[in-house]
$ cat protein19.txt   # compact mmCIF, C-alpha atoms and all ligand atoms
# COMPACT_ATOMS: atom_id res chain seq x y z
CA MET X 34 -23.17 59.27 -56.74
CA GLU X 35 -20.65 59.53 -59.64
CA GLU X 36 -19.59 55.88 -59.39
CA LEU X 37 -23.22 54.81 -59.60
CA ILE X 38 -24.02 57.00 -62.59
CA ALA X 39 -20.91 55.87 -64.48
CA GLY X 40 -21.52 52.21 -63.61
CA ALA X 41 -25.13 52.47 -64.78
CA GLN X 42 -23.90 53.96 -68.06
CA ASP X 43 -21.61 50.92 -68.48
CA LEU X 44 -24.75 48.79 -68.20
CA ARG X 45 -26.50 51.11 -70.71
CA ILE X 46 -28.95 52.25 -68.07
CA PRO X 47 -29.58 55.99 -68.18
CA LEU X 48 -30.31 57.35 -64.70
CA THR X 49 -32.55 60.42 -64.37
CA PRO X 50 -32.09 63.00 -61.59
CA GLU X 51 -35.23 61.48 -59.96
CA HIS X 52 -33.65 58.01 -59.93
CA VAL X 53 -30.47 59.41 -58.40
CA ALA X 54 -32.41 61.34 -55.72
CA ALA X 55 -34.41 58.23 -54.75
CA LEU X 56 -31.27 56.07 -54.58
CA GLN X 57 -29.46 58.70 -52.52
CA HIS X 58 -32.34 58.77 -50.04
CA TYR X 59 -32.32 54.96 -49.91
CA GLN X 60 -28.57 55.00 -49.23
CA VAL X 61 -28.92 57.48 -46.35
CA GLN X 62 -31.78 55.51 -44.77
CA LEU X 63 -29.88 52.23 -45.15
CA ILE X 64 -26.77 53.64 -43.45
CA THR X 65 -28.83 55.22 -40.64
CA TRP X 66 -30.88 52.09 -39.92
CA ASN X 67 -27.83 49.89 -40.23
CA GLU X 68 -26.21 51.61 -37.25
CA ARG X 69 -29.02 50.25 -35.05
CA PHE X 70 -30.20 47.09 -36.76
CA ASN X 71 -27.29 45.56 -38.70
CA LEU X 72 -29.17 45.07 -41.96
CA THR X 73 -26.22 44.66 -44.32
CA ALA X 74 -22.47 44.11 -44.11
CA ILE X 75 -21.88 46.69 -46.87
CA THR X 76 -22.07 50.12 -45.28
CA ASP X 77 -19.81 52.51 -47.22
CA ASP X 78 -21.15 54.79 -49.96
CA ILE X 79 -19.23 53.23 -52.85
CA GLY X 80 -19.98 49.70 -51.62
CA ILE X 81 -23.70 50.46 -51.48
CA GLN X 82 -23.65 52.06 -54.93
CA VAL X 83 -21.71 49.25 -56.62
CA ARG X 84 -22.50 46.07 -54.68
CA HIS X 85 -26.12 46.90 -53.89
CA PHE X 86 -27.50 49.34 -56.47
CA LEU X 87 -25.50 48.47 -59.62
CA ASP X 88 -25.56 44.77 -58.88
CA SER X 89 -29.37 44.98 -58.53
CA PHE X 90 -29.63 46.90 -61.83
CA SER X 91 -27.63 44.17 -63.56
CA CYS X 92 -30.73 41.90 -63.37
CA LEU X 93 -31.99 43.85 -66.40
CA LEU X 94 -29.29 42.08 -68.46
CA ALA X 95 -31.36 38.89 -68.11
CA LEU X 96 -34.14 40.37 -70.25
CA GLU X 97 -34.44 39.32 -73.88
CA ALA X 98 -34.22 41.99 -76.59
CA GLY X 99 -37.31 44.22 -76.41
CA GLU X 100 -38.58 42.58 -73.20
CA ARG X 101 -39.62 44.90 -70.36
CA LEU X 102 -40.31 44.39 -66.66
CA ALA X 103 -43.09 47.01 -66.51
CA GLY X 104 -46.44 45.37 -65.75
CA LYS X 105 -44.80 42.10 -64.66
CA ALA X 106 -45.44 40.46 -61.29
CA ILE X 107 -42.03 40.01 -59.65
CA ILE X 108 -41.13 38.47 -56.32
CA ASP X 109 -37.74 39.07 -54.67
CA VAL X 110 -37.15 36.15 -52.30
CA GLY X 111 -34.97 36.82 -49.23
CA THR X 112 -34.70 40.45 -50.21
CA GLY X 113 -32.95 41.53 -46.98
CA ALA X 114 -32.77 45.33 -47.08
CA GLY X 115 -34.41 45.33 -50.55
CA PHE X 116 -31.93 43.87 -53.05
CA PRO X 117 -32.39 43.48 -55.93
CA GLY X 118 -36.10 44.37 -55.81
CA ILE X 119 -36.18 48.01 -54.67
CA PRO X 120 -33.51 49.42 -57.04
CA LEU X 121 -35.32 47.65 -59.91
CA LYS X 122 -38.62 49.18 -58.79
CA ILE X 123 -37.01 52.64 -58.71
CA LEU X 124 -35.83 52.13 -62.31
CA CYS X 125 -39.07 50.52 -63.51
CA PRO X 126 -42.01 51.88 -61.48
CA GLY X 127 -44.47 49.73 -63.47
CA ILE X 128 -43.27 46.51 -61.82
CA ARG X 129 -45.81 44.81 -59.51
CA LEU X 130 -43.32 43.96 -56.79
CA THR X 131 -43.49 41.55 -53.86
CA LEU X 132 -40.65 41.64 -51.33
CA LEU X 133 -40.37 38.44 -49.29
CA GLU X 134 -38.20 38.34 -46.19
CA ALA X 135 -38.02 36.00 -43.17
CA THR X 136 -36.30 38.36 -40.67
CA ALA X 137 -38.52 40.80 -38.76
CA LYS X 138 -36.08 43.72 -38.42
CA LYS X 139 -35.45 43.68 -42.18
CA VAL X 140 -39.19 43.62 -42.85
CA ARG X 141 -39.57 46.73 -40.64
CA PHE X 142 -36.91 48.50 -42.70
CA LEU X 143 -38.54 47.40 -45.97
CA ARG X 144 -41.93 48.83 -44.90
CA HIS X 145 -40.21 52.05 -43.82
CA ILE X 146 -38.26 52.54 -47.05
CA VAL X 147 -41.21 51.66 -49.30
CA GLY X 148 -43.14 54.44 -47.51
CA GLU X 149 -40.23 56.91 -47.60
CA LEU X 150 -39.76 56.42 -51.34
CA ALA X 151 -43.57 56.44 -51.91
CA LEU X 152 -43.29 53.27 -54.01
CA LYS X 153 -46.66 52.11 -55.37
CA ASP X 154 -47.75 48.53 -55.97
CA VAL X 155 -45.23 46.98 -53.59
CA GLN X 156 -46.21 44.24 -51.16
CA VAL X 157 -43.88 43.40 -48.25
CA ILE X 158 -44.38 39.90 -46.82
CA HIS X 159 -42.85 38.58 -43.61
CA GLN X 160 -42.73 34.88 -44.33
CA ARG X 161 -40.47 32.03 -45.37
CA ALA X 162 -40.33 31.07 -49.03
CA GLU X 163 -41.16 27.44 -48.21
CA ALA X 164 -44.48 28.55 -46.66
CA LEU X 165 -45.37 31.16 -49.27
CA GLY X 166 -44.82 28.68 -52.10
CA GLN X 167 -47.68 26.59 -50.73
CA GLU X 168 -50.15 29.49 -50.50
CA PRO X 169 -52.60 29.48 -53.43
CA ARG X 170 -52.52 33.29 -53.70
CA HIS X 171 -48.77 33.17 -54.39
CA ARG X 172 -48.08 29.72 -55.83
CA GLU X 173 -47.31 29.84 -59.58
CA ARG X 174 -48.48 33.48 -59.74
CA TYR X 175 -45.30 35.37 -60.62
CA ASP X 176 -43.76 36.23 -63.99
CA TRP X 177 -40.31 36.39 -62.37
CA ALA X 178 -38.98 35.13 -59.03
CA MET X 179 -35.52 36.46 -58.25
CA ALA X 180 -32.99 36.27 -55.46
CA ARG X 181 -29.49 37.30 -54.54
CA ALA X 182 -27.24 35.79 -51.87
CA VAL X 183 -29.92 33.59 -50.31
CA ALA X 184 -28.88 29.94 -50.80
CA ASP X 185 -26.96 27.46 -52.94
CA LEU X 186 -28.78 27.01 -56.26
CA PRO X 187 -30.40 23.57 -55.69
CA ILE X 188 -31.95 24.97 -52.48
CA LEU X 189 -32.83 28.32 -54.00
CA LEU X 190 -34.66 26.71 -56.91
CA GLU X 191 -37.00 25.02 -54.43
CA TYR X 192 -37.77 28.48 -53.00
CA LEU X 193 -38.21 30.20 -56.38
CA LEU X 194 -39.76 27.82 -58.91
CA PRO X 195 -42.99 27.01 -56.99
CA LEU X 196 -43.78 30.75 -57.08
CA VAL X 197 -43.30 31.10 -60.87
CA ARG X 198 -46.14 30.63 -63.39
CA ILE X 199 -45.51 28.23 -66.27
CA GLY X 200 -43.84 30.35 -68.96
CA GLY X 201 -42.29 32.64 -66.32
CA ARG X 202 -38.69 32.69 -65.17
CA ALA X 203 -36.50 32.39 -62.10
CA LEU X 204 -33.39 34.54 -61.82
CA ALA X 205 -30.54 33.86 -59.38
CA GLN X 206 -27.73 36.38 -58.97
CA LYS X 207 -24.61 34.31 -58.37
CA GLY X 208 -20.83 34.60 -58.04
CA GLU X 209 -18.03 32.82 -59.84
CA GLY X 210 -19.25 29.38 -58.75
CA ALA X 211 -22.43 29.74 -60.84
CA PRO X 212 -21.51 27.24 -63.59
CA SER X 213 -20.83 24.47 -61.07
CA GLU X 214 -23.96 25.36 -59.07
CA VAL X 215 -25.98 24.95 -62.26
CA GLN X 216 -24.41 21.54 -62.87
CA ARG X 217 -25.34 20.45 -59.34
CA SER X 218 -28.92 21.66 -59.91
CA GLU X 219 -29.91 19.28 -62.72
CA TRP X 220 -31.95 17.03 -60.46
CA ALA X 221 -33.65 19.97 -58.73
CA LEU X 222 -34.58 21.51 -62.08
CA ARG X 223 -36.15 18.25 -63.29
CA GLN X 224 -38.13 17.84 -60.07
CA LEU X 225 -39.38 21.42 -59.92
CA GLY X 226 -40.36 22.03 -63.58
CA GLY X 227 -37.41 24.24 -64.51
CA GLN X 228 -34.93 24.34 -67.37
CA THR X 229 -31.78 26.45 -67.53
CA ARG X 230 -32.19 29.13 -70.18
CA ARG X 231 -28.81 30.84 -69.95
CA LEU X 232 -26.01 32.13 -67.75
CA VAL X 233 -25.29 35.81 -68.26
CA PRO X 234 -21.82 36.98 -67.11
CA VAL X 235 -21.88 40.40 -65.46
CA ASP X 236 -18.87 42.68 -65.05
CA LEU X 237 -19.50 45.62 -62.75
CA ARG X 238 -17.36 48.73 -62.58
CA GLY X 239 -15.07 48.52 -59.56
CA LEU X 240 -15.44 44.75 -59.02
CA THR X 241 -12.75 42.28 -60.07
CA GLU X 242 -14.84 39.13 -59.75
CA THR X 243 -17.24 38.11 -62.50
CA ARG X 244 -20.80 37.64 -61.42
CA TYR X 245 -23.52 35.65 -63.18
CA LEU X 246 -27.24 35.78 -63.70
CA VAL X 247 -28.65 32.28 -63.80
CA VAL X 248 -31.89 32.40 -65.81
CA VAL X 249 -34.27 29.45 -65.57
CA ASP X 250 -37.48 28.87 -67.56
CA LYS X 251 -40.50 27.39 -65.79
CA ILE X 252 -41.57 24.74 -68.29
CA ALA X 253 -43.89 22.52 -66.22
CA ALA X 254 -45.99 22.71 -63.06
CA THR X 255 -44.11 22.15 -59.80
CA PRO X 256 -45.39 19.00 -58.01
CA ILE X 257 -47.39 19.90 -54.90
CA GLN X 258 -44.86 18.31 -52.50
CA TYR X 259 -42.53 21.26 -53.28
CA PRO X 260 -41.52 23.40 -51.56
CA ARG X 261 -41.11 21.08 -48.60
CA ARG X 262 -41.65 22.35 -45.06
CA PRO X 263 -39.44 25.21 -43.78
CA GLY X 264 -35.85 24.13 -43.33
CA MET X 265 -36.11 20.95 -45.43
CA PRO X 266 -34.78 22.37 -48.73
CA ALA X 267 -31.58 23.43 -46.93
CA LYS X 268 -31.36 20.25 -44.85
CA ARG X 269 -31.89 17.87 -47.79
CA PRO X 270 -31.15 19.78 -51.01
CA LEU X 271 -32.55 18.30 -54.22
CA THR X 272 -29.17 17.19 -55.52
CA GLU X 273 -29.86 13.49 -56.19
CA ALA X 274 -32.62 10.91 -56.60
N1 LIG X 301 -31.02 39.56 -51.13
C1 LIG X 301 -30.43 40.46 -50.17
C2 LIG X 301 -29.11 41.00 -50.68
O1 LIG X 301 -28.57 40.45 -51.65
O2 LIG X 301 -28.59 41.99 -50.11
C3 LIG X 301 -30.24 39.81 -48.80
C4 LIG X 301 -29.23 38.71 -48.77
S1 LIG X 301 -29.05 38.02 -47.16
C5 LIG X 301 -27.48 37.31 -47.23
C6 LIG X 301 -30.15 36.62 -47.24
C7 LIG X 301 -31.58 36.97 -46.80
O3 LIG X 301 -32.47 35.93 -47.15
C8 LIG X 301 -31.69 37.20 -45.31
O4 LIG X 301 -32.26 38.45 -45.06
C9 LIG X 301 -32.59 36.06 -44.84
O5 LIG X 301 -33.42 36.43 -43.77
C10 LIG X 301 -33.38 35.74 -46.09
N2 LIG X 301 -33.83 34.35 -46.19
C11 LIG X 301 -33.04 33.24 -46.08
N3 LIG X 301 -33.79 32.14 -46.24
C12 LIG X 301 -35.06 32.56 -46.46
C13 LIG X 301 -36.29 31.86 -46.70
N4 LIG X 301 -36.33 30.52 -46.71
N5 LIG X 301 -37.40 32.60 -46.90
C14 LIG X 301 -37.35 33.95 -46.86
N6 LIG X 301 -36.22 34.66 -46.63
C15 LIG X 301 -35.09 33.96 -46.44
$ encode --input "protein19.txt" --output "structure tokens" --more "lines below"
Ligand code: SAM
Amino acid sequence: MEELIAGAQDLRIPLTPEHVAALQHYQVQLITWNERFNLTAITDDIGIQVRHFLDSFSCLLALEAGERLAGKAIIDVGTGAGFPGIPLKILCPGIRLTLLEATAKKVRFLRHIVGELALKDVQVIHQRAEALGQEPRHRERYDWAMARAVADLPILLEYLLPLVRIGGRALAQKGEGAPSEVQRSEWALRQLGGQTRRLVPVDLRGLTETRYLVVVDKIAATPIQYPRRPGMPAKRPLTEA
């Protein structure tokens, strides 16, 4: 796990032996399950440590000075095999974490790994974001809604912002196209009650491409017609009037 420990140091995240042990167990379980269920395209040790674990940790760069995730209600939308939510929960056990995923085999893995790692205060939900965003128990209830590699930003914002309380934030982990995705999201942001706060460039050890965290403030209630029914945000993205 040397690459992981060094990469975390670059991000100024000190890893304890307990963190490393939990992440190592996660890595072994992910590789084992992946042989049967094809959960992720990244299957080598270094790839998992850099592209899954370190990239998940980098979400902490979106926090303001002195801000902490402990005690916050966080939802990871389209979490797949648990990214970025589970590595963040390992680092910050005080997070109240909800993992949302639409694919059944990934949900089975999530329930398994949450049990294996004995993670407390984690809810795994098998549902689509468009449906969950209309459920009163989840709508506008979260301090942070985050996602990585789920959809183009105008679509993703329709998944995330209905779940965020006013004053909370959405966080999208994006690649080099982030600045243009943000430009194309102006209409979606206006419709959904969001406002871009900042783009944080992220350079990870071992990766040549720059990645970005797109941080969005929830400044107004999301109108009840959003999110639209499952499939509609992707079919008709909120890119124009
Ligand atoms: N976030 C994980 C990561 O970065 O490794 C998984 C990324 S994977 C490319 C996208 C995941 O989002 C898939 O597991 C898919 O099932 C899920 N997903 C896509 N659309 C969704 C939706 N509308 N609601 C819930 N999950 C969704």
$ residues_near_ligand --input "protein19.txt" --ligand "ligand LIG 301 (chain X)" --cutoff "10 Å" --atoms "all atoms listed in the file" --output "PyMOL selection string"
chain X and resi 72-75+81+84-86+88-89+109-118+132-140+158-166+179-184+188-189+191-193+206-207+262-267
$ atom_distance --input "protein19.txt" --atom1 "CA of Ser91 in chain X" --atom2 "CA of Arg170 in chain X"
28.9 Å
$ atom_distance --input "protein19.txt" --atom1 "CA of Glu209 in chain X" --atom2 "CA of Thr241 in chain X"
10.8 Å
$ residues_around --input "protein19.txt" --residues "Ala253 in chain X" --least-positions-apart "3" --cutoff "12 Å" --atoms "only C-alpha atoms" --output "PDB file with C-alpha atoms, keeping the file's coordinate frame"
ATOM      1  CA  GLU X 173     -47.310  29.840 -59.580  1.00  0.00           C
ATOM      2  CA  LEU X 194     -39.760  27.820 -58.910  1.00  0.00           C
ATOM      3  CA  PRO X 195     -42.990  27.010 -56.990  1.00  0.00           C
ATOM      4  CA  VAL X 197     -43.300  31.100 -60.870  1.00  0.00           C
ATOM      5  CA  ARG X 198     -46.140  30.630 -63.390  1.00  0.00           C
ATOM      6  CA  ILE X 199     -45.510  28.230 -66.270  1.00  0.00           C
ATOM      7  CA  GLY X 200     -43.840  30.350 -68.960  1.00  0.00           C
ATOM      8  CA  GLY X 201     -42.290  32.640 -66.320  1.00  0.00           C
ATOM      9  CA  ARG X 202     -38.690  32.690 -65.170  1.00  0.00           C
ATOM     10  CA  LEU X 222     -34.580  21.510 -62.080  1.00  0.00           C
ATOM     11  CA  ARG X 223     -36.150  18.250 -63.290  1.00  0.00           C
ATOM     12  CA  GLN X 224     -38.130  17.840 -60.070  1.00  0.00           C
ATOM     13  CA  LEU X 225     -39.380  21.420 -59.920  1.00  0.00           C
ATOM     14  CA  GLY X 226     -40.360  22.030 -63.580  1.00  0.00           C
ATOM     15  CA  GLY X 227     -37.410  24.240 -64.510  1.00  0.00           C
ATOM     16  CA  GLN X 228     -34.930  24.340 -67.370  1.00  0.00           C
ATOM     17  CA  VAL X 249     -34.270  29.450 -65.570  1.00  0.00           C
ATOM     18  CA  ASP X 250     -37.480  28.870 -67.560  1.00  0.00           C
ATOM     19  CA  PRO X 256     -45.390  19.000 -58.010  1.00  0.00           C
TER      20      PRO X 256
END
$ closest_residue --input "protein19.txt" --among "X:Ala205, X:Leu94, X:Leu196, X:Leu143" --to "Ala254 in chain X" --atoms "only C-alpha atoms"
X:Leu196
$ residues_around --input "protein19.txt" --residues "Pro234 in chain X" --least-positions-apart "2" --cutoff "9 Å" --atoms "all atoms listed in the file" --output "VMD selection string"
chain X and resid 232 236 243 to 247
